[in-house]
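The file my_file09.cif contains mmCIF, C-alpha atoms:
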```
data_work
loop_
_atom_site.label_atom_id
_atom_site.label_comp_id
_atom_site.auth_asym_id
_atom_site.auth_seq_id
_atom_site.Cartn_x
_atom_site.Cartn_y
_atom_site.Cartn_z
CA MET A 853 112.42 131.53 -138.78
CA SER A 854 110.59 128.30 -137.97
CA LEU A 855 112.26 125.62 -135.86
CA PHE A 856 113.07 122.23 -137.33
CA ARG A 857 110.96 119.58 -135.54
CA PHE A 858 111.60 115.85 -135.71
CA ASP A 859 108.09 115.22 -134.41
CA HIS A 860 106.50 116.54 -137.60
CA SER A 861 104.68 113.73 -139.43
CA THR A 862 106.99 114.17 -142.43
CA PHE A 863 109.92 112.92 -140.36
CA CYS A 864 108.16 110.02 -138.61
CA ASP A 865 109.73 106.99 -140.27
CA ARG A 866 108.58 104.26 -137.84
CA GLU A 867 105.47 103.18 -136.01
CA ILE A 868 105.41 101.80 -132.46
CA LEU A 869 102.61 99.34 -131.78
CA LEU A 870 101.80 98.94 -128.07
CA LYS A 871 100.20 95.59 -127.37
CA ILE A 872 98.46 96.07 -124.04
CA THR A 873 97.48 93.03 -121.98
CA GLY A 874 94.68 93.54 -119.45
CA GLU A 875 94.01 91.65 -116.22
CA ASN A 876 91.63 89.21 -117.93
CA GLY A 877 94.06 88.58 -120.78
CA ALA A 878 92.24 90.84 -123.22
CA MET A 879 94.55 92.52 -125.73
CA GLU A 880 94.34 96.12 -126.86
CA GLU A 881 96.53 98.00 -129.31
CA PHE A 882 97.80 101.55 -129.56
CA LYS A 883 99.83 102.96 -132.46
CA MET A 884 102.11 105.99 -132.53
CA ASP A 885 104.27 107.38 -135.33
CA VAL A 886 107.80 108.17 -134.15
CA ASN A 887 111.18 109.25 -135.45
CA SER A 888 113.66 106.40 -135.04
CA ILE A 889 116.71 108.70 -135.05
CA LEU A 890 115.26 110.82 -132.25
CA PHE A 891 114.29 107.78 -130.17
CA SER A 892 117.67 106.11 -130.73
CA GLN A 893 119.48 109.20 -129.50
CA HIS A 894 117.67 109.16 -126.16
CA SER A 895 117.45 105.46 -125.37
CA HIS A 896 119.71 102.41 -125.69
CA PHE A 897 116.59 100.26 -125.69
CA PHE A 898 115.05 101.95 -128.71
CA ARG A 899 118.40 102.14 -130.49
CA SER A 900 118.63 98.37 -130.21
CA LEU A 901 114.97 97.94 -131.12
CA PHE A 902 115.33 99.89 -134.35
CA ASN A 903 118.80 98.70 -135.34
CA ASN A 904 119.41 95.12 -134.21
CA GLY A 905 119.65 93.77 -137.77
CA THR A 906 116.61 91.45 -137.62
CA SER A 907 113.83 91.42 -140.19
CA GLU A 908 111.51 92.95 -137.58
CA THR A 909 113.66 96.07 -137.27
CA ARG A 910 113.44 96.62 -141.03
CA CYS A 911 109.65 96.80 -140.83
CA ARG A 912 108.00 100.17 -140.34
CA GLU A 913 105.96 98.82 -137.42
CA VAL A 914 107.69 97.68 -134.20
CA ALA A 915 105.69 96.00 -131.43
CA ILE A 916 106.18 96.45 -127.67
CA HIS A 917 104.21 94.32 -125.19
CA ILE A 918 103.15 96.00 -121.95
CA ASP A 919 100.71 95.41 -119.10
CA ALA A 920 97.59 97.53 -118.79
CA ALA A 921 98.87 98.86 -115.45
CA ASP A 922 101.79 100.51 -117.27
CA GLU A 923 99.78 101.87 -120.20
CA VAL A 924 99.43 105.49 -119.05
CA ALA A 925 103.08 105.79 -118.02
CA VAL A 926 104.43 104.24 -121.25
CA LYS A 927 102.24 106.47 -123.41
CA SER A 928 103.42 109.51 -121.43
CA MET A 929 107.02 108.42 -121.97
CA LEU A 930 106.57 108.10 -125.72
CA GLN A 931 104.84 111.48 -125.83
CA PHE A 932 107.69 113.07 -123.86
CA MET A 933 110.29 111.59 -126.23
CA MET A 934 108.51 112.99 -129.26
CA TYR A 935 107.05 116.28 -128.05
CA ARG A 936 108.85 117.12 -124.78
CA GLN A 937 105.41 117.46 -123.23
CA LEU A 938 103.50 115.57 -120.55
CA PRO A 939 99.73 115.34 -120.04
CA GLU A 940 100.20 115.62 -116.25
CA ASP A 941 102.98 116.88 -114.00
CA SER A 942 102.10 115.57 -110.53
CA ALA A 943 104.06 113.21 -108.28
CA SER A 944 101.46 110.46 -108.81
CA SER A 945 102.04 110.58 -112.58
CA LEU A 946 105.78 111.30 -112.59
CA LEU A 947 106.78 108.31 -110.44
CA PRO A 948 105.24 105.64 -112.73
CA LEU A 949 106.74 107.55 -115.67
CA LEU A 950 110.17 107.47 -114.02
CA ILE A 951 109.92 103.71 -113.50
CA GLN A 952 109.10 103.14 -117.17
CA ALA A 953 111.76 105.59 -118.35
CA ASP A 954 114.29 103.67 -116.27
CA LYS A 955 113.08 100.37 -117.69
CA TYR A 956 113.47 101.61 -121.27
CA ALA A 957 116.64 103.63 -120.52
CA VAL A 958 115.20 106.99 -121.62
CA LEU A 959 117.84 109.13 -119.91
CA LEU A 960 116.36 112.54 -120.76
CA CYS A 961 113.01 111.51 -119.30
CA ILE A 962 114.68 110.10 -116.18
CA LYS A 963 116.52 113.36 -115.65
CA TYR A 964 113.35 115.41 -116.10
CA CYS A 965 111.30 113.28 -113.67
CA ILE A 966 113.98 113.38 -110.97
CA GLY A 967 114.39 117.13 -111.33
CA ARG A 968 110.66 117.85 -111.25
CA LEU A 969 109.96 115.53 -108.31
CA THR A 970 112.82 117.12 -106.36
CA GLU A 971 111.24 120.53 -106.98
CA LEU A 972 107.85 119.27 -105.78
CA MET A 973 109.40 118.02 -102.52
CA LYS A 974 110.42 121.57 -101.60
CA SER A 975 106.81 122.75 -101.50
CA ASP A 976 105.22 119.50 -100.35
CA PRO A 977 107.36 117.10 -98.27
CA TYR A 978 104.70 114.40 -98.66
CA THR A 979 106.05 114.00 -102.20
CA ALA A 980 109.30 112.75 -100.64
CA VAL A 981 107.36 110.14 -98.66
CA ILE A 982 105.59 108.92 -101.82
CA CYS A 983 108.94 108.65 -103.61
CA ILE A 984 110.51 106.66 -100.77
CA GLU A 985 107.54 104.28 -100.60
CA VAL A 986 107.61 103.61 -104.35
CA LEU A 987 111.39 103.36 -104.68
CA GLU A 988 111.62 100.87 -101.81
CA GLN A 989 109.31 98.56 -103.79
CA VAL A 990 110.60 99.18 -107.32
CA ALA A 991 114.31 99.54 -107.99
CA VAL A 992 115.45 102.44 -110.17
CA SER A 993 119.04 102.47 -111.37
CA ASP A 994 119.56 106.20 -110.75
CA ARG A 995 119.57 106.78 -106.97
CA ALA A 996 119.44 110.57 -107.25
CA LEU A 997 115.70 110.70 -106.48
CA HIS A 998 115.97 108.37 -103.49
CA ASP A 999 118.83 110.47 -102.14
CA ALA A 1000 116.88 113.70 -102.65
CA ALA A 1001 113.78 112.29 -100.93
CA SER A 1002 115.85 110.96 -98.05
CA ARG A 1003 117.60 114.33 -97.68
CA CYS A 1004 114.24 116.13 -97.72
CA LEU A 1005 112.80 113.96 -94.94
CA ARG A 1006 115.94 114.21 -92.83
CA THR A 1007 116.11 118.01 -92.97
CA LEU A 1008 112.46 118.75 -92.25
CA ASN A 1009 111.52 121.67 -90.02
CA LEU A 1010 109.15 120.10 -87.52
CA ASN A 1011 108.46 123.49 -85.96
CA GLU A 1012 106.96 124.83 -89.21
CA LEU A 1013 105.53 121.71 -90.87
CA GLU A 1014 103.97 119.81 -87.97
CA GLU A 1015 100.47 119.66 -89.47
CA LYS A 1016 101.76 118.28 -92.77
CA ILE A 1017 104.06 115.76 -91.08
CA LEU A 1018 101.16 114.45 -88.98
CA GLU A 1019 99.79 113.03 -92.26
CA PHE A 1020 102.96 110.99 -92.92
CA PRO A 1021 102.84 107.18 -92.90
CA LEU A 1022 105.27 105.20 -90.77
CA VAL A 1023 108.07 105.14 -93.37
CA GLY A 1024 108.19 108.96 -93.50
CA ILE A 1025 108.25 109.24 -89.70
CA GLN A 1026 111.08 106.68 -89.49
CA TYR A 1027 113.22 108.61 -91.96
CA MET A 1028 112.58 111.82 -90.05
CA LEU A 1029 113.44 110.27 -86.67
CA SER A 1030 116.69 108.78 -87.99
CA SER A 1031 118.02 112.26 -88.77
CA ASN A 1032 120.55 114.38 -86.88
CA THR A 1033 119.54 117.38 -89.00
CA LEU A 1034 115.83 117.42 -88.16
CA VAL A 1035 115.03 121.03 -87.23
CA VAL A 1036 113.03 121.05 -84.00
CA ASP A 1037 112.92 123.09 -80.79
CA SER A 1038 113.95 120.23 -78.52
CA GLU A 1039 113.68 116.48 -78.05
CA ASP A 1040 110.69 117.17 -75.79
CA SER A 1041 108.99 118.59 -78.89
CA VAL A 1042 109.78 115.39 -80.84
CA TYR A 1043 108.18 113.31 -78.08
CA ASP A 1044 105.08 115.56 -77.97
CA PHE A 1045 104.73 115.39 -81.76
CA LEU A 1046 104.88 111.59 -81.73
CA LEU A 1047 102.11 111.44 -79.14
CA LYS A 1048 99.93 113.43 -81.57
CA TRP A 1049 100.98 111.26 -84.53
CA LEU A 1050 100.18 108.04 -82.68
CA ASP A 1051 96.72 109.38 -81.91
CA VAL A 1052 95.95 109.62 -85.64
CA SER A 1053 97.82 106.48 -86.76
CA SER A 1054 96.64 102.90 -86.37
CA GLY A 1055 98.15 99.72 -84.98
CA GLY A 1056 100.51 98.91 -82.12
CA ARG A 1057 103.64 98.22 -84.19
CA GLU A 1058 104.06 101.93 -84.87
CA ARG A 1059 104.21 102.70 -81.15
CA GLU A 1060 107.23 100.48 -80.53
CA LEU A 1061 109.12 101.63 -83.60
CA VAL A 1062 108.71 105.37 -83.21
CA MET A 1063 108.96 105.72 -79.44
CA SER A 1064 112.21 103.75 -79.37
CA SER A 1065 113.62 106.31 -81.84
CA VAL A 1066 113.19 109.25 -79.46
CA ARG A 1067 116.58 110.48 -78.23
CA TYR A 1068 115.76 110.41 -74.53
CA PRO A 1069 119.22 111.60 -73.33
CA PHE A 1070 118.38 115.03 -74.80
CA MET A 1071 114.95 115.35 -73.20
CA SER A 1072 114.50 117.55 -70.16
CA ILE A 1073 114.67 115.95 -66.72
CA LYS A 1074 111.12 117.12 -66.06
CA ARG A 1075 109.74 115.21 -69.04
CA LEU A 1076 111.82 112.12 -68.33
CA GLU A 1077 110.42 112.01 -64.81
CA CYS A 1078 106.89 112.24 -66.21
CA ILE A 1079 107.58 109.32 -68.59
CA LEU A 1080 108.87 107.15 -65.73
CA THR A 1081 105.72 107.73 -63.70
CA ASN A 1082 103.53 106.82 -66.68
CA ASP A 1083 105.49 104.48 -68.98
CA ARG A 1084 102.93 104.01 -71.76
CA PHE A 1085 105.41 102.73 -74.33
CA ASN A 1086 107.76 100.40 -72.39
CA VAL A 1087 110.75 102.72 -72.66
CA PHE A 1088 111.83 102.44 -69.02
CA ASN A 1089 115.34 101.19 -69.88
CA LEU A 1090 115.87 103.95 -72.44
CA VAL A 1091 114.85 106.60 -69.91
CA VAL A 1092 117.15 105.15 -67.24
CA ASP A 1093 120.02 105.24 -69.78
CA ALA A 1094 119.15 108.89 -70.43
CA PHE A 1095 119.47 109.76 -66.74
CA VAL A 1096 122.83 107.96 -66.59
CA TYR A 1097 124.03 109.84 -69.68
CA LYS A 1098 123.18 113.20 -68.15
CA VAL A 1099 125.55 112.67 -65.20
CA GLU A 1100 128.39 111.02 -67.14
CA SER A 1101 131.69 112.71 -67.88
CA LEU A 1102 132.27 114.39 -71.24
CA HIS A 1103 134.68 111.59 -72.22
CA LEU A 1104 132.05 108.88 -71.67
CA LYS A 1105 129.45 110.93 -73.52
CA ARG A 1106 131.72 111.21 -76.55
CA SER A 1107 132.34 107.46 -76.55
CA ARG A 1108 128.58 106.83 -76.59
CA LEU A 1109 128.21 108.91 -79.77
CA LEU A 1110 129.89 106.14 -81.74
CA LYS A 1111 127.71 103.39 -80.33
CA SER A 1112 124.13 104.56 -80.88
CA MET A 1113 122.11 107.31 -82.53
CA GLN A 1114 120.26 107.61 -79.21
CA PHE A 1115 123.20 109.69 -77.97
CA GLN A 1116 123.54 111.98 -80.98
CA PRO A 1117 121.83 115.40 -80.77
CA ARG A 1118 119.67 116.79 -83.56
CA ALA A 1119 119.64 120.32 -85.02
CA TYR A 1120 117.75 121.72 -82.04
CA THR A 1121 116.64 125.33 -82.32
CA LEU A 1122 116.55 125.45 -78.52
CA LYS A 1123 119.96 124.74 -77.02
CA PRO A 1124 120.03 121.72 -74.66
CA LEU A 1125 121.06 122.42 -71.07
CA VAL A 1126 122.87 120.47 -68.39
CA VAL A 1127 120.57 120.73 -65.36
CA LEU A 1128 120.89 119.80 -61.68
CA GLU A 1129 117.75 119.94 -59.55
CA PHE A 1130 117.63 119.78 -55.74
CA ASP A 1131 114.68 119.60 -53.38
CA ARG A 1132 116.69 119.47 -50.12
CA PRO A 1133 117.61 121.33 -48.01
CA ARG A 1134 115.72 123.76 -50.27
CA VAL A 1135 114.29 123.79 -53.80
CA GLU A 1136 117.14 124.86 -56.05
CA THR A 1137 118.13 124.42 -59.69
CA THR A 1138 121.47 124.89 -61.46
CA ALA A 1139 121.45 125.01 -65.27
CA TYR A 1140 124.47 125.17 -67.59
CA LEU A 1141 124.25 126.63 -71.09
CA VAL A 1142 127.21 125.08 -72.93
CA LEU A 1143 128.40 126.75 -76.15
CA THR A 1144 131.49 126.36 -78.29
CA GLN A 1145 133.77 129.23 -79.19
CA GLU A 1146 133.09 128.50 -82.86
CA GLU A 1147 129.31 128.82 -82.36
CA LEU A 1148 129.78 132.23 -80.77
CA ARG A 1149 132.10 133.45 -83.51
CA HIS A 1150 129.31 132.81 -86.01
CA LEU A 1151 126.63 134.56 -83.93
CA THR A 1152 125.84 137.70 -85.90
CA PRO A 1153 124.85 141.05 -84.34
CA SER A 1154 121.31 141.06 -82.88
CA SER A 1155 121.04 137.25 -83.22
CA ALA A 1156 120.59 134.97 -80.23
CA ILE A 1157 120.88 131.44 -78.89
CA VAL A 1158 117.84 130.33 -76.88
CA SER A 1159 117.97 127.46 -74.41
CA GLU A 1160 115.43 124.76 -73.77
CA ASN A 1161 113.28 125.08 -70.64
CA PHE A 1162 114.50 124.20 -67.18
CA TYR A 1163 112.43 124.08 -64.03
CA LEU A 1164 112.43 125.41 -60.49
CA GLY A 1165 109.67 124.02 -58.29
CA GLY A 1166 107.45 123.37 -61.30
CA GLU A 1167 108.00 126.85 -62.80
CA SER A 1168 109.57 126.99 -66.27
CA PHE A 1169 112.58 129.20 -67.10
CA TYR A 1170 114.98 129.54 -70.02
CA MET A 1171 118.17 131.42 -70.90
CA VAL A 1172 119.03 133.57 -73.91
CA LEU A 1173 122.56 134.53 -74.98
CA LYS A 1174 122.52 137.39 -77.46
CA ASN A 1175 124.96 139.42 -79.51
CA VAL A 1176 123.58 142.77 -78.29
CA VAL A 1177 124.05 145.91 -80.41
CA LYS A 1178 124.11 149.06 -78.26
CA GLU A 1179 123.17 152.58 -79.31
CA ASN A 1180 126.83 153.36 -80.05
CA LEU A 1181 126.79 150.31 -82.42
CA GLU A 1182 129.18 148.41 -80.15
CA SER A 1183 128.31 144.74 -79.70
CA THR A 1184 128.39 143.01 -76.31
CA CYS A 1185 127.41 139.61 -74.94
CA GLY A 1186 124.00 139.78 -73.31
CA VAL A 1187 122.59 137.04 -71.09
CA PHE A 1188 118.86 137.09 -70.35
CA LEU A 1189 116.86 134.94 -67.94
CA LYS A 1190 113.15 134.54 -68.72
CA LYS A 1191 110.19 132.75 -67.11
CA ARG A 1192 107.29 131.14 -68.91
CA GLY A 1193 103.79 131.35 -67.51
CA LEU A 1194 101.83 134.06 -65.73
CA LYS A 1195 102.53 133.28 -62.07
CA THR A 1196 104.56 135.93 -60.25
CA LYS A 1197 107.58 134.51 -58.43
CA GLU A 1198 110.48 136.17 -56.63
CA VAL A 1199 113.71 134.30 -57.29
CA ARG A 1200 117.18 134.45 -55.85
CA PHE A 1201 119.53 134.13 -58.82
CA GLU A 1202 123.21 133.91 -59.59
CA LEU A 1203 124.50 133.98 -63.18
CA SER A 1204 128.16 133.34 -63.84
CA CYS A 1205 130.71 131.92 -66.26
CA ALA A 1206 131.80 128.49 -65.07
CA THR A 1207 135.56 128.25 -65.65
CA SER A 1208 138.62 127.56 -63.56
CA GLU A 1209 139.38 131.31 -63.51
CA THR A 1210 138.49 133.12 -60.28
CA ASN A 1211 138.01 136.62 -61.71
CA ASN A 1212 135.10 135.83 -64.02
CA PRO A 1213 131.96 137.97 -63.66
CA ILE A 1214 129.23 136.89 -61.24
CA HIS A 1215 125.82 138.54 -61.32
CA GLY A 1216 123.48 137.87 -58.43
CA GLY A 1217 120.49 139.18 -56.57
CA HIS A 1218 116.70 138.93 -56.32
CA TYR A 1219 114.30 139.35 -59.20
CA VAL A 1220 110.52 139.12 -59.57
CA PHE A 1221 109.33 137.20 -62.64
CA GLY A 1222 105.76 136.95 -63.89
CA ARG A 1223 102.82 138.72 -65.53
CA GLY A 1224 103.76 142.19 -66.78
CA ARG A 1225 107.38 141.80 -65.72
CA LYS A 1226 110.33 142.13 -68.07
CA PRO A 1227 112.91 139.32 -68.20
CA LEU A 1228 116.15 139.66 -66.27
CA ARG A 1229 118.56 141.36 -68.70
CA LEU A 1230 122.33 141.51 -68.39
CA ARG A 1231 123.24 143.29 -71.62
CA ASP A 1232 127.01 143.39 -71.02
CA PHE A 1233 127.63 140.16 -69.17
CA PHE A 1234 131.43 140.13 -69.59
CA HIS A 1235 131.99 143.92 -69.46
CA ARG A 1236 133.79 144.02 -72.79
CA PRO A 1237 133.04 144.23 -76.55
CA TRP A 1238 131.76 141.10 -78.28
CA GLU A 1239 134.92 140.63 -80.38
CA ASN A 1240 137.16 140.77 -77.29
CA PHE A 1241 134.93 138.39 -75.34
CA VAL A 1242 134.80 135.77 -78.10
CA GLU A 1243 138.57 135.71 -78.56
CA ASP A 1244 139.47 135.86 -74.85
CA ASN A 1245 140.28 132.30 -73.85
CA VAL A 1246 139.97 133.19 -70.16
CA PHE A 1247 136.22 132.51 -70.50
CA PHE A 1248 136.60 129.21 -72.33
CA ASP A 1249 137.73 125.78 -71.15
CA GLU A 1250 138.94 123.79 -74.16
CA ASN A 1251 137.05 126.22 -76.45
CA VAL A 1252 133.82 125.72 -74.50
CA LEU A 1253 131.85 128.45 -72.68
CA LYS A 1254 129.59 127.48 -69.77
CA ILE A 1255 127.03 129.98 -68.52
CA ARG A 1256 125.76 128.85 -65.13
CA ALA A 1257 122.38 129.89 -63.71
CA GLU A 1258 121.64 129.07 -60.08
CA LEU A 1259 118.03 129.71 -59.02
CA ARG A 1260 116.03 129.30 -55.83
CA PHE A 1261 112.87 130.83 -54.53
CA THR A 1262 113.13 133.48 -51.85
CA ILE A 1263 111.40 132.63 -48.61
#
```

How does this structure look as structure tokens?
Amino acid sequence: MSLFRFDHSTFCDREILLKITGENGAMEEFKMDVNSILFSQHSHFFRSLFNNGTSETRCREVAIHIDAADEVAVKSMLQFMMYRQLPEDSASSLLPLLIQADKYAVLLCIKYCIGRLTELMKSDPYTAVICIEVLEQVAVSDRALHDAASRCLRTLNLNELEEKILEFPLVGIQYMLSSNTLVVDSEDSVYDFLLKWLDVSSGGRERELVMSSVRYPFMSIKRLECILTNDRFNVFNLVVDAFVYKVESLHLKRSRLLKSMQFQPRAYTLKPLVVLEFDRPRVETTAYLVLTQEELRHLTPSSAIVSENFYLGGESFYMVLKNVVKENLESTCGVFLKKRGLKTKEVRFELSCATSETNNPIHGGHYVFGRGRKPLRLRDFFHRPWENFVEDNVFFDENVLKIRAELRFTI
């Protein structure tokens, strides 16, 4: 059985005449047979054009005046309305089409363009940047595309898409930096990425805008110290504020959250640490891995939480808390201490749970880290099954667990 098609020439009762004005004022014409019922169903504009009661609407031919710059997009829109087909399906063609569909209130075409552009963003985030740039210059009544593009840029995975994001213009970088849900290892990684981006971008204005958007309070002390000794971007005050933030009480930190995005963490894949470093009377570092009880309840078997780096005498270490599955299939809380780099170092360590309770486990001793050495592994840190540990409030202060690592080199 054949399908009934309004676009068949038998059912085309009207003719649209496009009068196209070029830059030099020259006029061109383009004619297309259409079905007035079909067009009226999909657009208030065309419904009014075909049925406003004037003598012009009773004529077979109806004229529409457009600029030459809009010619391709308007023709594509008319073709879509008649045939549900488009000559091209790229972001560069869909955006002008969306603007014209919005202008002429072609709702079905608007919906299609928004849906297709949103799909394209998933495979190529640069599409989101193009959409933002265009929509900030030309208003479109339906904000769904702007919201989708904004959401795409604010949930980017910088770890996986760094090379693509390096191609972004300033507007894309600004949207990314304004996000709390940007997926990235650490704020140090954000800073390092921006150094690369500035190397390939042009102009000085970008430097001020992007470097002031780094969330310095969540950078490592080591990197903050490096910035202070070589302040290339005039961020001295921001770095000083970051140092102050790191030693403030939890109450003051929470109050800062409401005042500035500078003090709001992102979706870091490496867990930020609270770190104290001492160089007298001996080189020593204390790092706190702070986790909520809710985070741990959602940590599935064999999954782990990895900390950002911390430093002891220039050597880089990090902690891992893991839901360890033993051979008997019982899960326990494992805490691992690892060193980056190839240098062999013997370290005096103490790992403990920092609470007001006095009977919490303390693991201490000497360990040699370096090339060919396994990390320090404490597979059953709390000496109890995972489920019991997570629900035992003796390890949590106000639903917060603090794993403390104290390190110093052996003499």

Taking a cut-off of 12 Å and counting only C-alpha atoms, can you build a table that, for each residue of segment 996-1062 of chain A near segment 1067-1091 of chain A, reports the nearest atom pair and how far apart they are in Å (one decimal), sorted by chain then residue number, as CSV?
```
residue,atom,partner,partner_atom,distance
A:Leu1029,CA,A:Arg1067,CA,9.0
A:Ser1030,CA,A:Arg1067,CA,9.9
A:Ser1031,CA,A:Arg1067,CA,10.8
A:Asn1032,CA,A:Arg1067,CA,10.3
A:Asp1037,CA,A:Met1071,CA,11.0
A:Ser1038,CA,A:Met1071,CA,7.3
A:Glu1039,CA,A:Met1071,CA,5.1
A:Asp1040,CA,A:Met1071,CA,5.3
A:Ser1041,CA,A:Met1071,CA,8.9
A:Val1042,CA,A:Arg1067,CA,8.8
A:Tyr1043,CA,A:Met1071,CA,8.6
A:Asp1044,CA,A:Arg1075,CA,10.1
A:Leu1046,CA,A:Phe1085,CA,11.6
A:Leu1047,CA,A:Phe1085,CA,10.5
A:Leu1050,CA,A:Phe1085,CA,11.2
A:Gly1056,CA,A:Phe1085,CA,10.0
A:Arg1057,CA,A:Phe1085,CA,11.0
A:Glu1058,CA,A:Phe1085,CA,10.7
A:Arg1059,CA,A:Phe1085,CA,6.9
A:Glu1060,CA,A:Phe1085,CA,6.8
A:Leu1061,CA,A:Phe1085,CA,10.0
A:Val1062,CA,A:Phe1085,CA,9.8
```

Given all atoms listed in the file, how would the per-residue table for segment 1125-1163 of chain A near segment 1246-1250 of chain A read, listing every residue at most 12 Å away with its closest atom pair and distance in Å to one decimal, sorted by chain and number, as a tab-separated table?
```
residue	atom	partner	partner_atom	distance
A:Val1142	CA	A:Phe1248	CA	10.3
A:Leu1143	CA	A:Phe1248	CA	9.4
A:Thr1144	CA	A:Phe1248	CA	8.4
A:Gln1145	CA	A:Phe1248	CA	7.4
A:Glu1146	CA	A:Phe1248	CA	11.1
A:Leu1148	CA	A:Phe1248	CA	11.3
```

Could you tell me which residues the PyMOL selection byres ((chain A and resi 993) around 9) returns for this structure, as a ChimeraX atom specification? /A:954-955,991-992,994-995

Kindly save the residues from that selection, with C-alpha atoms included, as a CSV table (one decimal), in the frame of the given file.
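See out18.csv below for the written result:
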```csv
chain,number,residue,atom,x,y,z
A,954,ASP,CA,114.3,103.7,-116.3
A,955,LYS,CA,113.1,100.4,-117.7
A,991,ALA,CA,114.3,99.5,-108.0
A,992,VAL,CA,115.4,102.4,-110.2
A,994,ASP,CA,119.6,106.2,-110.8
A,995,ARG,CA,119.6,106.8,-107.0
```

I need the residue set behind the PyMOL selection byres ((chain A and resi 864-881) around 10) for this file; please write it as number ranges by chain. A: 858-863, 882-890, 902, 909-923, 926-927, 930, 934

Mind pulling up the distance from atom CA of Ser1159 of chain A to atom CA of Gln1026 of chain A?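 Atom CA of Ser1159 of chain A lies 26.6 Å from atom CA of Gln1026 of chain A.
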
In Å, with one decimal, what is the gap from atom CA of Met933 of chain A to atom CA of Leu946 of chain A?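 A separation of 14.4 Å between them.
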
Do a neighbour search on Val1036 of chain A at 12 Å with all atoms listed in the file, toss out local chain neighbours closer than 5 positions, and write the hits as a PDB file with C-alpha atoms, in the coordinates of the input.
```pdb
ATOM      1  CA  ARG A1006     115.940 114.210 -92.830  1.00  0.00           C
ATOM      2  CA  THR A1007     116.110 118.010 -92.970  1.00  0.00           C
ATOM      3  CA  LEU A1008     112.460 118.750 -92.250  1.00  0.00           C
ATOM      4  CA  ASN A1009     111.520 121.670 -90.020  1.00  0.00           C
ATOM      5  CA  LEU A1010     109.150 120.100 -87.520  1.00  0.00           C
ATOM      6  CA  ASN A1011     108.460 123.490 -85.960  1.00  0.00           C
ATOM      7  CA  GLU A1012     106.960 124.830 -89.210  1.00  0.00           C
ATOM      8  CA  LEU A1013     105.530 121.710 -90.870  1.00  0.00           C
ATOM      9  CA  GLU A1014     103.970 119.810 -87.970  1.00  0.00           C
ATOM     10  CA  MET A1028     112.580 111.820 -90.050  1.00  0.00           C
ATOM     11  CA  LEU A1029     113.440 110.270 -86.670  1.00  0.00           C
ATOM     12  CA  SER A1031     118.020 112.260 -88.770  1.00  0.00           C
ATOM     13  CA  SER A1041     108.990 118.590 -78.890  1.00  0.00           C
ATOM     14  CA  VAL A1042     109.780 115.390 -80.840  1.00  0.00           C
ATOM     15  CA  TYR A1043     108.180 113.310 -78.080  1.00  0.00           C
ATOM     16  CA  ASP A1044     105.080 115.560 -77.970  1.00  0.00           C
ATOM     17  CA  PHE A1045     104.730 115.390 -81.760  1.00  0.00           C
ATOM     18  CA  PRO A1117     121.830 115.400 -80.770  1.00  0.00           C
ATOM     19  CA  ARG A1118     119.670 116.790 -83.560  1.00  0.00           C
ATOM     20  CA  ALA A1119     119.640 120.320 -85.020  1.00  0.00           C
ATOM     21  CA  TYR A1120     117.750 121.720 -82.040  1.00  0.00           C
ATOM     22  CA  THR A1121     116.640 125.330 -82.320  1.00  0.00           C
ATOM     23  CA  LEU A1122     116.550 125.450 -78.520  1.00  0.00           C
ATOM     24  CA  LYS A1123     119.960 124.740 -77.020  1.00  0.00           C
ATOM     25  CA  PRO A1124     120.030 121.720 -74.660  1.00  0.00           C
ATOM     26  CA  GLU A1160     115.430 124.760 -73.770  1.00  0.00           C
TER      27      GLU A1160
END
```

Selected by the PyMOL selection byres ((chain A and resi 1255) around 9) in the shown coordinates: which residues, as a PyMOL selection string? chain A and resi 1139-1143+1187+1203-1206+1253-1254+1256-1257

Kindly export the residues of the current selection with C-alpha atoms, as a tab-separated table (two decimals), keeping the file's coordinate frame.
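out_29.tsv written:
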```tsv
chain	number	residue	atom	x	y	z
A	1139	ALA	CA	121.45	125.01	-65.27
A	1140	TYR	CA	124.47	125.17	-67.59
A	1141	LEU	CA	124.25	126.63	-71.09
A	1142	VAL	CA	127.21	125.08	-72.93
A	1143	LEU	CA	128.40	126.75	-76.15
A	1187	VAL	CA	122.59	137.04	-71.09
A	1203	LEU	CA	124.50	133.98	-63.18
A	1204	SER	CA	128.16	133.34	-63.84
A	1205	CYS	CA	130.71	131.92	-66.26
A	1206	ALA	CA	131.80	128.49	-65.07
A	1253	LEU	CA	131.85	128.45	-72.68
A	1254	LYS	CA	129.59	127.48	-69.77
A	1256	ARG	CA	125.76	128.85	-65.13
A	1257	ALA	CA	122.38	129.89	-63.71
```

So, counting all atoms listed in the file, which residue among A:Ala996, A:Leu938, A:Leu1181, A:Ile982 is closest to Glu1019 of chain A? A:Ile982

Counting all atoms listed in the file, I want the residues whose atoms come within 7 Å of (119.7, 111.1, -125.8) in the file frame, returned as a list in words.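 Residues close enough to count: Gln893, His894, Ser895, Leu959 and Leu960 of chain A.
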
Mind giving me the straight-line distance from atom CA of Phe1234 of chain A to atom CA of Leu1125 of chain A in Å, one decimal?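 Going from atom CA of Phe1234 of chain A over to atom CA of Leu1125 of chain A covers 20.6 Å.
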
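Minimum distance to Glu1015 of chain A across A:Glu1167, A:Glu1100, A:Asp976, A:Asp1093 (counting only C-alpha atoms) occurs at A:Asp976.
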
Pick out the residues sitting within 10 Å of Pro1153 of chain A, and hand them over as a list in words; count only C-alpha atoms, and ignore anything fewer than 3 positions along from it in its own chain. His1150, Ala1156, Lys1174, Asn1175, Val1176, Val1177, Leu1181, Glu1182, Ser1183, Thr1184, Cys1185 and Trp1238 of chain A
